[in-house]
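query27.cif (mmCIF, C-alpha atoms)
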data_target
loop_
_atom_site.label_atom_id
_atom_site.label_comp_id
_atom_site.auth_asym_id
_atom_site.auth_seq_id
_atom_site.Cartn_x
_atom_site.Cartn_y
_atom_site.Cartn_z
CA MET A 1 4.74 8.82 -12.56
CA LYS A 2 6.78 11.99 -12.30
CA PRO A 3 7.24 14.17 -9.22
CA SER A 4 5.36 17.49 -9.13
CA TYR A 5 8.35 19.36 -7.65
CA ASP A 6 5.71 21.39 -5.76
CA SER A 7 6.79 22.27 -2.19
CA ASP A 8 3.32 23.27 -1.00
CA LYS A 9 1.79 20.06 -2.35
CA VAL A 10 4.23 17.80 -0.52
CA ALA A 11 3.89 19.81 2.69
CA ASP A 12 0.13 19.22 2.49
CA ILE A 13 0.71 15.49 1.85
CA HIS A 14 2.90 15.35 4.97
CA ARG A 15 0.13 16.86 7.09
CA HIS A 16 -2.30 14.24 5.83
CA LEU A 17 0.20 11.44 6.42
CA HIS A 18 0.66 12.71 9.96
CA SER A 19 -3.05 12.36 10.62
CA HIS A 20 -3.51 8.98 8.86
CA LEU A 21 -0.44 7.05 10.07
CA PRO A 22 -0.04 5.48 13.52
CA PRO A 23 2.24 7.72 15.62
CA GLU A 24 4.21 4.79 17.08
CA PRO A 25 7.19 4.20 14.70
CA ALA A 26 7.08 0.39 14.90
CA LEU A 27 3.35 0.27 14.07
CA ARG A 28 3.81 2.82 11.33
CA VAL A 29 6.56 0.78 9.65
CA LYS A 30 4.57 -2.45 9.94
CA ALA A 31 1.46 -0.91 8.35
CA LEU A 32 3.40 0.68 5.52
CA GLU A 33 5.53 -2.40 4.80
CA SER A 34 2.51 -4.63 4.24
CA LEU A 35 0.82 -1.96 2.08
CA LEU A 36 3.93 -1.35 -0.06
CA VAL A 37 4.51 -5.07 -0.63
CA GLU A 38 0.84 -5.60 -1.53
CA LYS A 39 1.02 -2.61 -3.87
CA GLY A 40 4.06 -4.08 -5.63
CA LEU A 41 6.25 -1.08 -4.81
CA VAL A 42 8.80 -3.08 -2.84
CA ASP A 43 10.00 -6.68 -2.82
CA PRO A 44 10.64 -8.26 0.62
CA ALA A 45 13.91 -9.84 -0.60
CA ALA A 46 15.27 -6.38 -1.46
CA LEU A 47 14.43 -5.16 2.05
CA ASP A 48 16.44 -7.98 3.57
CA ALA A 49 19.33 -7.30 1.18
CA TRP A 50 19.58 -3.69 2.34
CA ILE A 51 19.34 -4.55 6.04
CA ASP A 52 21.84 -7.41 5.85
CA ALA A 53 24.37 -5.35 3.88
CA TYR A 54 24.70 -2.74 6.61
CA THR A 55 24.46 -5.26 9.44
CA GLU A 56 27.09 -7.72 8.27
CA GLU A 57 29.13 -6.42 5.37
CA ILE A 58 29.45 -2.66 5.29
CA GLY A 59 30.57 -0.79 8.39
CA PRO A 60 33.37 1.16 10.03
CA LYS A 61 35.78 -1.80 9.77
CA ARG A 62 36.23 -0.71 6.15
CA GLY A 63 37.26 2.79 7.11
CA ALA A 64 39.54 1.39 9.83
CA ALA A 65 41.32 -0.78 7.25
CA VAL A 66 41.80 2.29 5.04
CA VAL A 67 43.24 4.35 7.91
CA ALA A 68 45.56 1.56 9.04
CA ARG A 69 46.93 1.18 5.52
CA SER A 70 47.52 4.94 5.34
CA TRP A 71 49.63 4.65 8.49
CA VAL A 72 51.92 1.94 7.11
CA ASP A 73 52.01 2.71 3.38
CA ALA A 74 53.08 6.25 2.46
CA GLU A 75 52.23 5.82 -1.22
CA PHE A 76 48.72 4.65 -0.38
CA ARG A 77 48.35 7.58 2.00
CA ALA A 78 49.29 10.01 -0.78
CA ARG A 79 46.72 8.40 -3.11
CA LEU A 80 44.08 8.48 -0.37
CA LEU A 81 44.58 12.19 0.31
CA ALA A 82 44.63 13.00 -3.42
CA ASP A 83 41.62 10.89 -4.48
CA ALA A 84 39.96 8.99 -1.67
CA GLY A 85 37.22 7.55 -3.90
CA ALA A 86 39.81 5.79 -6.06
CA ALA A 87 41.89 4.74 -3.06
CA VAL A 88 39.01 3.02 -1.26
CA ALA A 89 37.93 1.42 -4.56
CA GLU A 90 41.41 -0.19 -4.67
CA MET A 91 40.49 -1.92 -1.43
CA GLY A 92 37.12 -3.06 -2.80
CA PHE A 93 35.12 -0.54 -0.78
CA ALA A 94 33.47 1.54 -3.51
CA GLY A 95 29.77 2.00 -2.88
CA GLN A 96 27.14 4.38 -1.60
CA ALA A 97 28.44 7.93 -1.23
CA SER A 98 32.06 7.01 -2.04
CA GLY A 99 32.08 8.59 -5.51
CA HIS A 100 33.13 11.99 -4.22
CA LEU A 101 34.92 10.89 -1.06
CA LYS A 102 37.62 13.11 0.47
CA ALA A 103 40.03 12.03 3.19
CA VAL A 104 41.24 14.82 5.50
CA GLU A 105 44.21 14.24 7.79
CA ASN A 106 44.63 15.30 11.37
CA THR A 107 48.05 16.81 12.11
CA ASP A 108 49.77 18.42 15.08
CA THR A 109 48.10 21.70 14.11
CA VAL A 110 44.70 20.64 12.66
CA HIS A 111 41.89 18.51 14.09
CA ASN A 112 39.10 17.71 11.63
CA LEU A 113 35.42 17.16 12.45
CA VAL A 114 32.65 16.18 10.00
CA VAL A 115 28.96 17.10 10.16
CA CYS A 116 26.04 17.69 7.80
CA THR A 117 23.97 20.52 9.22
CA LEU A 118 21.23 20.39 6.56
CA CYS A 119 20.34 16.68 6.60
CA SER A 120 22.79 13.97 7.70
CA CYS A 121 25.02 13.14 4.71
CA TYR A 122 27.52 10.42 5.60
CA PRO A 123 30.03 8.15 3.75
CA PHE A 124 27.96 4.96 4.07
CA ALA A 125 30.27 2.75 1.98
CA ILE A 126 33.22 3.42 4.27
CA LEU A 127 31.66 3.93 7.71
CA GLY A 128 28.33 2.07 7.46
CA MET A 129 25.26 3.46 9.14
CA ALA A 130 25.73 6.77 10.93
CA PRO A 131 25.43 6.70 14.72
CA ALA A 132 22.22 8.21 16.09
CA TRP A 133 24.03 11.21 17.53
CA TYR A 134 25.41 12.19 14.12
CA LYS A 135 21.83 12.53 12.83
CA ALA A 136 20.54 14.25 15.97
CA ASN A 137 19.53 17.90 16.19
CA GLU A 138 22.07 18.58 18.95
CA TYR A 139 25.09 17.51 16.91
CA ARG A 140 23.90 19.16 13.71
CA ALA A 141 23.20 22.46 15.46
CA ARG A 142 26.31 22.61 17.64
CA ALA A 143 29.16 21.07 15.60
CA VAL A 144 29.76 24.19 13.48
CA ARG A 145 29.19 26.73 16.24
CA ASP A 146 30.64 25.02 19.31
CA PRO A 147 32.91 22.25 17.98
CA ARG A 148 35.18 22.34 21.02
CA GLY A 149 32.21 21.95 23.36
CA VAL A 150 30.98 18.96 21.36
CA LEU A 151 34.46 17.44 21.22
CA ALA A 152 34.87 17.83 24.98
CA GLU A 153 31.73 15.75 25.49
CA PHE A 154 33.51 12.99 23.56
CA GLY A 155 36.69 13.38 25.63
CA VAL A 156 38.61 15.17 22.88
CA ASN A 157 40.30 18.43 23.87
CA PRO A 158 42.45 19.99 21.13
CA ALA A 159 45.02 22.53 22.39
CA PRO A 160 43.97 26.19 21.97
CA ASP A 161 46.43 26.70 19.09
CA VAL A 162 45.22 23.62 17.19
CA ALA A 163 42.75 24.66 14.48
CA VAL A 164 39.54 22.67 14.72
CA THR A 165 38.36 22.41 11.12
CA VAL A 166 34.69 21.51 10.72
CA TRP A 167 33.65 20.08 7.35
CA ASP A 168 29.93 20.75 6.86
CA SER A 169 29.26 18.22 4.09
CA THR A 170 26.18 19.75 2.52
CA ALA A 171 27.09 18.94 -1.12
CA GLU A 172 27.78 15.46 -2.56
CA LEU A 173 31.36 15.37 -1.32
CA ARG A 174 31.73 13.04 1.65
CA TYR A 175 34.49 13.29 4.20
CA MET A 176 36.40 10.83 6.32
CA VAL A 177 38.97 11.93 8.89
CA VAL A 178 42.37 10.23 8.90
CA PRO A 179 43.34 10.32 12.57
CA GLN A 180 46.95 10.53 13.72
CA ARG A 181 48.60 7.20 14.43
CA PRO A 182 48.69 6.67 18.21
CA SER A 183 52.10 6.69 19.89
CA GLY A 184 53.49 3.37 21.07
CA THR A 185 52.25 1.45 18.03
CA ASP A 186 55.52 1.23 16.11
CA GLY A 187 55.76 -2.55 15.97
CA MET A 188 52.13 -3.23 15.11
CA ASP A 189 51.02 -4.68 11.80
CA GLU A 190 48.21 -3.33 9.64
CA ALA A 191 45.52 -5.61 11.06
CA ALA A 192 46.42 -4.77 14.65
CA LEU A 193 46.44 -1.07 13.82
CA ALA A 194 43.03 -1.30 12.14
CA ALA A 195 41.59 -2.69 15.37
CA LEU A 196 42.58 0.57 17.11
CA VAL A 197 40.67 2.82 14.69
CA THR A 198 37.22 3.76 15.93
CA ARG A 199 34.30 4.94 13.84
CA ASN A 200 34.22 8.16 15.86
CA ALA A 201 37.89 8.84 15.02
CA MET A 202 36.93 8.86 11.34
CA ILE A 203 34.16 11.42 12.02
CA GLY A 204 36.50 13.42 14.26
CA THR A 205 34.92 12.85 17.68
CA ASP A 206 37.77 10.61 18.85
CA ASP A 207 41.51 11.27 18.62
CA LEU A 208 42.63 7.73 19.63
CA LYS A 209 44.41 9.17 22.66
CA GLY A 210 42.33 7.20 25.09
CA GLY A 211 39.79 9.91 25.85
CA VAL A 212 36.26 9.41 27.22
CA MET B 1 13.95 27.29 2.31
CA ASP B 2 13.99 28.78 5.81
CA GLY B 3 13.05 25.50 7.50
CA VAL B 4 13.84 23.91 10.84
CA HIS B 5 16.09 21.48 8.96
CA ASP B 6 18.68 24.27 8.65
CA LEU B 7 20.08 23.52 12.09
CA GLY B 8 23.70 24.65 11.87
CA GLY B 9 24.53 27.21 14.56
CA LYS B 10 21.06 27.21 16.13
CA GLN B 11 21.35 27.63 19.88
CA GLY B 12 19.57 26.08 22.84
CA PHE B 13 20.39 22.45 22.05
CA GLY B 14 21.85 20.37 24.87
CA PRO B 15 24.55 17.68 25.08
CA VAL B 16 25.01 15.12 22.33
CA ASP B 17 23.35 11.84 23.41
CA ARG B 18 25.63 8.91 22.52
CA HIS B 19 23.16 6.22 23.55
CA GLY B 20 23.34 3.16 21.29
CA GLU B 21 26.06 4.63 19.11
CA ASP B 22 27.60 1.30 18.13
CA GLU B 23 24.45 -0.32 16.76
CA ALA B 24 24.01 -0.18 12.98
CA TYR B 25 20.26 0.13 13.44
CA HIS B 26 18.65 1.53 16.54
CA SER B 27 15.64 -0.82 16.39
CA GLU B 28 13.99 -3.33 14.09
CA ALA B 29 11.56 -0.58 13.03
CA ASP B 30 14.51 1.67 12.22
CA ALA B 31 16.11 -0.98 10.00
CA ARG B 32 12.88 -1.72 8.16
CA ALA B 33 12.04 1.97 7.68
CA TYR B 34 15.47 2.48 6.11
CA ALA B 35 15.12 -0.55 3.84
CA LEU B 36 11.61 0.43 2.73
CA CYS B 37 12.76 3.91 1.89
CA VAL B 38 15.79 2.91 -0.18
CA SER B 39 13.83 0.14 -1.92
CA MET B 40 11.11 2.50 -3.14
CA ARG B 41 11.77 2.94 -6.85
CA GLY B 42 15.50 3.34 -6.21
CA GLU B 43 17.33 6.38 -4.98
CA ARG B 44 18.50 7.12 -8.51
CA SER B 45 15.13 7.38 -10.24
CA TYR B 46 14.61 10.95 -8.97
CA PRO B 47 16.95 13.82 -8.09
CA ILE B 48 18.45 13.30 -4.63
CA ASP B 49 17.63 16.92 -3.81
CA TRP B 50 13.92 16.32 -4.43
CA PHE B 51 14.11 13.68 -1.68
CA ARG B 52 15.90 16.15 0.60
CA HIS B 53 13.40 18.89 -0.13
CA VAL B 54 10.40 16.65 0.50
CA ARG B 55 11.93 15.74 3.88
CA GLU B 56 12.44 19.45 4.65
CA ASN B 57 8.70 19.91 4.17
CA ILE B 58 7.77 17.55 7.01
CA ASP B 59 5.83 19.44 9.69
CA PRO B 60 8.45 21.26 11.83
CA VAL B 61 7.44 19.56 15.08
CA ASP B 62 7.66 16.12 13.43
CA TYR B 63 10.99 17.05 11.84
CA LEU B 64 12.52 17.86 15.22
CA THR B 65 11.02 14.94 17.14
CA ARG B 66 10.40 11.83 15.01
CA PRO B 67 13.16 9.19 14.50
CA TYR B 68 15.48 9.76 11.56
CA PHE B 69 14.53 6.81 9.33
CA ASP B 70 10.87 7.24 10.28
CA GLN B 71 11.20 10.65 8.62
CA TRP B 72 12.87 9.07 5.58
CA LEU B 73 9.97 6.65 5.29
CA GLN B 74 7.38 9.40 5.57
CA THR B 75 9.34 11.26 2.88
CA ALA B 76 9.27 8.22 0.58
CA MET B 77 5.50 7.92 1.17
CA ALA B 78 4.94 11.59 0.38
CA MET B 79 6.98 11.23 -2.81
CA ALA B 80 5.01 8.15 -3.89
CA ILE B 81 1.70 9.90 -3.26
CA ASP B 82 2.89 13.05 -5.01
CA ALA B 83 3.94 11.04 -8.07
CA GLY B 84 0.67 9.08 -8.12
CA ASP B 85 2.21 5.69 -7.28
CA LEU B 86 0.15 5.40 -4.09
CA SER B 87 -2.97 7.14 -2.79
CA MET B 88 -3.73 8.72 0.58
CA VAL B 89 -6.83 6.49 0.75
CA GLU B 90 -4.59 3.41 0.50
CA VAL B 91 -2.38 4.74 3.29
CA ALA B 92 -5.39 5.55 5.46
CA THR B 93 -7.04 2.13 4.98
CA GLY B 94 -3.85 0.06 4.70
CA LYS B 95 -5.34 -1.73 1.67
CA ALA B 96 -3.83 -1.56 -1.83
CA GLU B 97 -6.25 -0.78 -4.66
CA GLY B 98 -4.50 -2.63 -7.45
CA LEU B 99 -0.79 -2.80 -8.25
CA ALA B 100 1.35 0.31 -8.70
CA ARG B 101 2.10 1.19 -12.30
CA ILE B 102 5.85 0.86 -12.06
CA PRO B 103 7.98 -1.47 -14.23
CA ALA B 104 9.08 -3.72 -11.32
CA PRO B 105 10.15 -3.24 -7.73
CA MET B 106 13.83 -3.21 -6.81
CA MET B 107 15.28 -6.71 -6.50
CA PRO B 108 18.32 -7.94 -4.50
CA GLU B 109 20.58 -7.73 -7.57
CA ASP B 110 19.61 -4.07 -7.97
CA VAL B 111 20.49 -3.50 -4.31
CA ARG B 112 23.89 -5.12 -4.89
CA ALA B 113 24.56 -2.75 -7.80
CA MET B 114 23.65 0.29 -5.70
CA LEU B 115 25.89 -0.93 -2.87
CA THR B 116 28.93 -1.37 -5.10
CA ILE B 117 28.73 1.27 -7.85
CA PRO B 118 29.14 4.85 -6.60
CA ALA B 119 26.83 7.51 -8.03
CA THR B 120 28.51 10.54 -9.55
CA PHE B 121 27.17 14.06 -9.36
CA GLU B 122 29.91 15.69 -11.41
CA ARG B 123 29.14 16.62 -15.01
CA ALA B 124 31.58 17.33 -17.83
CA GLY B 125 31.21 20.24 -20.22
CA ALA B 126 29.78 22.82 -17.82
CA GLU B 127 31.04 26.40 -17.66
CA PRO B 128 34.63 26.83 -16.39
CA PRO B 129 35.00 28.12 -12.81
CA ILE B 130 35.04 31.89 -12.23
CA PHE B 131 36.93 31.79 -8.92
CA ALA B 132 40.54 30.67 -8.48
CA VAL B 133 41.83 28.87 -5.42
CA GLY B 134 42.80 31.61 -2.96
CA ALA B 135 40.02 33.99 -4.07
CA ARG B 136 38.06 35.82 -1.36
CA VAL B 137 34.33 35.31 -1.82
CA ARG B 138 31.16 36.53 -0.16
CA THR B 139 28.09 34.30 0.12
CA ALA B 140 24.61 35.38 -0.93
CA SER B 141 22.40 37.20 1.58
CA HIS B 142 19.73 34.53 1.15
CA GLY B 143 19.41 31.07 -0.32
CA HIS B 144 16.94 29.97 -2.97
CA PRO B 145 13.37 30.20 -1.62
CA GLY B 146 12.82 26.48 -2.37
CA HIS B 147 15.54 23.92 -1.72
CA THR B 148 19.06 25.26 -1.28
CA ARG B 149 22.33 24.04 0.18
CA LEU B 150 23.58 27.38 1.42
CA PRO B 151 23.11 27.04 5.19
CA ALA B 152 21.59 30.06 6.95
CA TYR B 153 24.58 30.44 9.29
CA ALA B 154 26.85 31.04 6.28
CA ARG B 155 24.78 33.73 4.54
CA SER B 156 26.51 37.07 3.82
CA ALA B 157 29.78 35.63 5.04
CA THR B 158 33.28 36.11 3.64
CA GLY B 159 35.66 33.22 3.14
CA GLU B 160 38.43 31.88 0.94
CA VAL B 161 38.17 29.36 -1.88
CA ILE B 162 40.46 26.46 -0.97
CA ALA B 163 39.49 23.96 -3.70
CA TYR B 164 37.61 23.67 -6.96
CA ARG B 165 35.67 20.38 -7.06
CA GLY B 166 34.43 20.31 -10.67
CA ALA B 167 30.95 21.08 -11.98
CA HIS B 168 28.37 19.31 -9.80
CA LEU B 169 24.61 19.02 -10.19
CA MET B 170 23.02 22.15 -8.74
CA PRO B 171 20.74 21.11 -5.84
CA ASP B 172 18.42 24.13 -5.99
CA ASP B 173 17.64 23.12 -9.59
CA GLY B 174 17.58 19.37 -8.91
CA ALA B 175 14.78 19.83 -6.38
CA ARG B 176 12.77 21.44 -9.20
CA GLY B 177 13.49 18.62 -11.64
CA ILE B 178 16.17 20.51 -13.57
CA ASP B 179 19.41 18.68 -14.34
CA ARG B 180 22.08 21.39 -14.45
CA ALA B 181 25.67 21.41 -13.21
CA GLU B 182 27.57 24.38 -11.84
CA PRO B 183 31.14 24.85 -10.50
CA LEU B 184 31.45 23.68 -6.91
CA TYR B 185 34.08 25.00 -4.51
CA THR B 186 35.18 24.31 -0.99
CA VAL B 187 35.23 27.61 0.89
CA ALA B 188 36.99 28.09 4.24
CA PHE B 189 35.48 30.45 6.78
CA ALA B 190 37.02 31.53 10.07
CA ARG B 191 34.63 30.28 12.77
CA GLY B 192 34.96 33.73 14.32
CA ASP B 193 33.62 35.32 11.12
CA LEU B 194 30.45 33.21 11.35
CA PHE B 195 29.80 33.29 15.10
CA PRO B 196 30.70 36.32 17.23
CA GLU B 197 31.62 34.36 20.35
CA ALA B 198 34.39 32.61 18.35
CA ALA B 199 36.27 35.82 17.49
CA GLY B 200 40.02 35.20 17.50
CA SER B 201 39.68 31.41 17.36
CA PRO B 202 42.00 29.52 14.97
CA ASP B 203 39.06 27.25 14.05
CA LYS B 204 37.62 26.97 10.55
CA VAL B 205 34.36 25.88 8.98
CA HIS B 206 34.69 24.42 5.49
CA LEU B 207 31.64 24.37 3.24
CA ASP B 208 31.13 23.05 -0.29
CA LEU B 209 29.31 25.83 -2.14
CA TRP B 210 28.06 26.27 -5.70
CA GLU B 211 29.21 29.22 -7.77
CA SER B 212 25.87 31.05 -7.86
CA TYR B 213 25.91 31.22 -4.03
CA LEU B 214 29.11 33.30 -4.26
CA ALA B 215 30.26 36.76 -5.33
CA PRO B 216 33.77 38.28 -5.27
CA ALA B 217 34.52 39.72 -1.82
#
If you took the structure in this file and wrote it as structure tokens, what would it be?
Amino acid sequence: MKPSYDSDKVADIHRHLHSHLPPEPALRVKALESLLVEKGLVDPAALDAWIDAYTEEIGPKRGAAVVARSWVDAEFRARLLADAGAAVAEMGFAGQASGHLKAVENTDTVHNLVVCTLCSCYPFAILGMAPAWYKANEYRARAVRDPRGVLAEFGVNPAPDVAVTVWDSTAELRYMVVPQRPSGTDGMDEAALAALVTRNAMIGTDDLKGGV
Amino acid sequence: MDGVHDLGGKQGFGPVDRHGEDEAYHSEADARAYALCVSMRGERSYPIDWFRHVRENIDPVDYLTRPYFDQWLQTAMAMAIDAGDLSMVEVATGKAEGLARIPAPMMPEDVRAMLTIPATFERAGAEPPIFAVGARVRTASHGHPGHTRLPAYARSATGEVIAYRGAHLMPDDGARGIDRAEPLYTVAFARGDLFPEAAGSPDKVHLDLWESYLAPA
């Protein structure tokens, strides 16, 4: 049936759910899974398909391959910065939340950092599941107000004249940071370069300069 | 909605805890809660902003303390009960009273499609944008009383339009079941214009904001 779109009604439903569901997350999930399967609302094979996809197939290795290519192929880099959704689709990585993907490049004068202060929007198709800290209250609260304090906790310390640019991705645009290519990597091929790119570098909490 | 979900700029939070940051799922329960949530009727059978708004309506203490995908699962349950696909009695007893009246549950081939075909939120044929790139704009003094994507820290703030992103589905309307697109812009704010302690900083905060959140500065 159709949603009511009634805020007060769903708030009341939440209060009832709170009192009827086991507080322990594992017990809660177990109870609801068996009920939802019995009710015909979910199929167990679909559950496994979702879990397996983000365990084995989709993860930050995709984003790392994109970044490495942008370091060795100037034309690809230009396409990535102009239309990241199309550029990652070229590499076979189109998927959840890649339709309005934007790639933002770090330079000598700009360091980018991505957050979603209102929920935890994240480019799943390119970076996989978000790390717990990205979804945590601390990161969401502090990234816009105290980005340099947050970055310092990750071992990243932009110079005072470098503009830290925080992208609060509260619409359907999703952002990935293109970190600067580390020095001393001139002779490396694309695969070797991809192995240097961390998930955190593509969120902005690593600058690949050996911090932490 | 002035909820606890609107966390940006709130003070008193401590260091970022990086524990377990390289695991895709933080526990078996976490993985299964995620899968249950995304398997329920499909993310695309309702407006994404209705999902977000239902999560915002979780009790504030639960919102700030329960695990992330546990909250998603509770949100999916609340949506199913709200829509009449499941009853509170069934949740309380753990026993289904007959099958849900839905066409069929999501199957692995449906999952595959969702994992490989990006959703689009841009709509053609909407009104042309009012603001040009480079325009100075001021944000509204308050968001929509229901769901809105104008964060509280960026209310009544002045910034500069740095990009026009096309006409995107308006979230305040989507959470009320209305499918309407509106010009979307990326607006750059000086961090020092949002937070007094950052005065003089070269840092920026970039936000994607819909046209009706903005007025000429």
Query - Resolved residues for the PyMOL selection byres ((chain A and resi 34) around 12) as a ChimeraX atom specification - result: /A:27-33,35-44 /B:32,36,90-91,93-96
Requested in this report: On this file, the PyMOL selection byres ((chain B) within 6 of (chain A)) gives some set of residues; write that set as a PyMOL selection string.
Outcome: chain B and resi 5-10+13+16-18+21+24+29+33+35+57-58+78+83+92+94+96+99-100+105+107-108+115-120+176+202-208
Query raised in the report: Can you list, as number ranges by chain, every protein, DNA or RNA residue that comes within 9 Å of Lys209 of chain A when you count only C-alpha atoms, leaving out same-chain residues fewer than 6 positions away?
Result: A: 156, 182-183
Requested in this report: To one decimal in Å, tell me the separation between atom CA of Asp22 of chain B and atom CA of Thr198 of chain A.
Outcome: 10.2 Å
Query raised in the report: So what does the PyMOL selection byres ((chain A and resi 67) around 8) actually pick up in this one, as a ChimeraX atom specification?
Result: /A:63-66,68-71,178-179,194,197
Query raised in the report: Of the residues A:Leu101, A:Ala201, A:Tyr122, A:Pro158, which is the one nearest to Leu80 of chain A, using only C-alpha atoms?
Result: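 Among A:Leu101, A:Ala201, A:Tyr122, A:Pro158, it is A:Leu101 that comes nearest to Leu80 of chain A.
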Query raised in the report: If you measure from atom CA of Leu73 of chain B to atom CA of Arg174 of chain A, what distance in Å do you get, rounded to one decimal?
Result: 23.0 Å
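Between atom CA of Ala82 of chain A and atom CA of Tyr213 of chain B there is a distance of 26.1 Å.
Using only C-alpha atoms, the smallest distance between any of B:Pro145, B:Gly166, B:Gly134, B:Gly159 and Ala181 of chain B comes from B:Gly166.
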Give the centre and edge lengths of an axis-aligned box, in Å to one decimal, that holds all listed atoms of segment 98-112 of chain A with 5 Å on each side, as AutoDock Vina command-line options.
--center_x 40.9 --center_y 14.4 --center_z 4.8 --size_x 27.7 --size_y 24.7 --size_z 30.6
Report task. With all atoms listed in the file counted, which protein, DNA or RNA residues have an atom no more than 10 Å from (34.5, 28.4, -15.9) in the file frame? Please answer as a VMD selection string. Result -> chain B and resid 125 to 132 166 to 167 182 to 183 211
Hey, can you spit out that residue selection with C-alpha atoms as an mmCIF file, keeping the file's coordinate frame?
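Once everything was written out, this is result-v2.cif:
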data_model
loop_
_atom_site.group_PDB
_atom_site.id
_atom_site.type_symbol
_atom_site.label_atom_id
_atom_site.label_comp_id
_atom_site.auth_asym_id
_atom_site.auth_seq_id
_atom_site.Cartn_x
_atom_site.Cartn_y
_atom_site.Cartn_z
ATOM 1 C CA GLY B 125 31.210 20.240 -20.220
ATOM 2 C CA ALA B 126 29.780 22.820 -17.820
ATOM 3 C CA GLU B 127 31.040 26.400 -17.660
ATOM 4 C CA PRO B 128 34.630 26.830 -16.390
ATOM 5 C CA PRO B 129 35.000 28.120 -12.810
ATOM 6 C CA ILE B 130 35.040 31.890 -12.230
ATOM 7 C CA PHE B 131 36.930 31.790 -8.920
ATOM 8 C CA ALA B 132 40.540 30.670 -8.480
ATOM 9 C CA GLY B 166 34.430 20.310 -10.670
ATOM 10 C CA ALA B 167 30.950 21.080 -11.980
ATOM 11 C CA GLU B 182 27.570 24.380 -11.840
ATOM 12 C CA PRO B 183 31.140 24.850 -10.500
ATOM 13 C CA GLU B 211 29.210 29.220 -7.770
#
Requested in this report: Taking (42.7, 9.9, 23.5) in the file's own coordinates, collect the residues within 9 Å, counting only C-alpha atoms, and hand them back as a list of chain:residue names.
Outcome: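 Final list of nearby residues, as requested, is A:Gly155, A:Val156, A:Asn157, A:Pro182, A:Asp206, A:Asp207, A:Leu208, A:Lys209, A:Gly210, A:Gly211, A:Val212.
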Report task. Might you pull out every residue within 12 Å of Asp173 of chain B, with all atoms listed in the file counted and same-chain residues fewer than 3 positions away left off, and present them as a VMD selection string? Result -> (chain A and resid 5) or (chain B and resid 47 to 50 53 144 to 149 168 to 170 176 to 182 210 212)
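Nearest to Ile203 of chain A of all the residues A:Leu127, A:Val177, A:Ala103, A:Val88 is A:Val177, based on all atoms listed in the file.
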Requested in this report: Find the residue from B:Arg136, B:Arg52, B:Arg191, B:Arg123 that sits nearest to Ala217 of chain B; use only C-alpha atoms when measuring.
Outcome: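 Smallest distance to Ala217 of chain B is found for B:Arg136.
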Repair of segment 123-134 of chain B at the level of N, CA and C atoms, as a PDB file, in the frame of the given file:
ATOM      1  N   ARG B 123      29.495  16.656 -13.599  1.00  0.00           N
ATOM      2  CA  ARG B 123      29.140  16.620 -15.010  1.00  0.00           C
ATOM      3  C   ARG B 123      30.220  17.336 -15.829  1.00  0.00           C
ATOM      4  N   ALA B 124      30.593  16.729 -16.948  1.00  0.00           N
ATOM      5  CA  ALA B 124      31.580  17.330 -17.830  1.00  0.00           C
ATOM      6  C   ALA B 124      30.907  18.389 -18.703  1.00  0.00           C
ATOM      7  N   GLY B 125      31.705  19.310 -19.213  1.00  0.00           N
ATOM      8  CA  GLY B 125      31.210  20.240 -20.220  1.00  0.00           C
ATOM      9  C   GLY B 125      30.467  21.448 -19.694  1.00  0.00           C
ATOM     10  N   ALA B 126      30.445  21.631 -18.364  1.00  0.00           N
ATOM     11  CA  ALA B 126      29.780  22.820 -17.820  1.00  0.00           C
ATOM     12  C   ALA B 126      30.727  24.019 -17.955  1.00  0.00           C
ATOM     13  N   GLU B 127      30.233  25.183 -17.576  1.00  0.00           N
ATOM     14  CA  GLU B 127      31.040  26.400 -17.660  1.00  0.00           C
ATOM     15  C   GLU B 127      32.298  26.275 -16.798  1.00  0.00           C
ATOM     16  N   PRO B 128      33.423  26.864 -17.238  1.00  0.00           N
ATOM     17  CA  PRO B 128      34.630  26.830 -16.390  1.00  0.00           C
ATOM     18  C   PRO B 128      34.426  27.671 -15.125  1.00  0.00           C
ATOM     19  N   PRO B 129      35.189  27.387 -14.072  1.00  0.00           N
ATOM     20  CA  PRO B 129      35.000  28.120 -12.810  1.00  0.00           C
ATOM     21  C   PRO B 129      35.442  29.573 -12.920  1.00  0.00           C
ATOM     22  N   ILE B 130      34.711  30.452 -12.252  1.00  0.00           N
ATOM     23  CA  ILE B 130      35.040  31.890 -12.230  1.00  0.00           C
ATOM     24  C   ILE B 130      36.124  32.166 -11.182  1.00  0.00           C
ATOM     25  N   PHE B 131      36.037  31.464 -10.039  1.00  0.00           N
ATOM     26  CA  PHE B 131      36.930  31.790  -8.920  1.00  0.00           C
ATOM     27  C   PHE B 131      38.145  30.867  -8.900  1.00  0.00           C
ATOM     28  N   ALA B 132      39.299  31.443  -8.625  1.00  0.00           N
ATOM     29  CA  ALA B 132      40.540  30.670  -8.480  1.00  0.00           C
ATOM     30  C   ALA B 132      40.711  30.274  -7.019  1.00  0.00           C
ATOM     31  N   VAL B 133      41.465  29.225  -6.789  1.00  0.00           N
ATOM     32  CA  VAL B 133      41.830  28.870  -5.420  1.00  0.00           C
ATOM     33  C   VAL B 133      42.588  30.056  -4.818  1.00  0.00           C
ATOM     34  N   GLY B 134      42.208  30.440  -3.609  1.00  0.00           N
ATOM     35  CA  GLY B 134      42.800  31.610  -2.960  1.00  0.00           C
ATOM     36  C   GLY B 134      41.922  32.844  -3.047  1.00  0.00           C
TER      37      GLY B 134
END
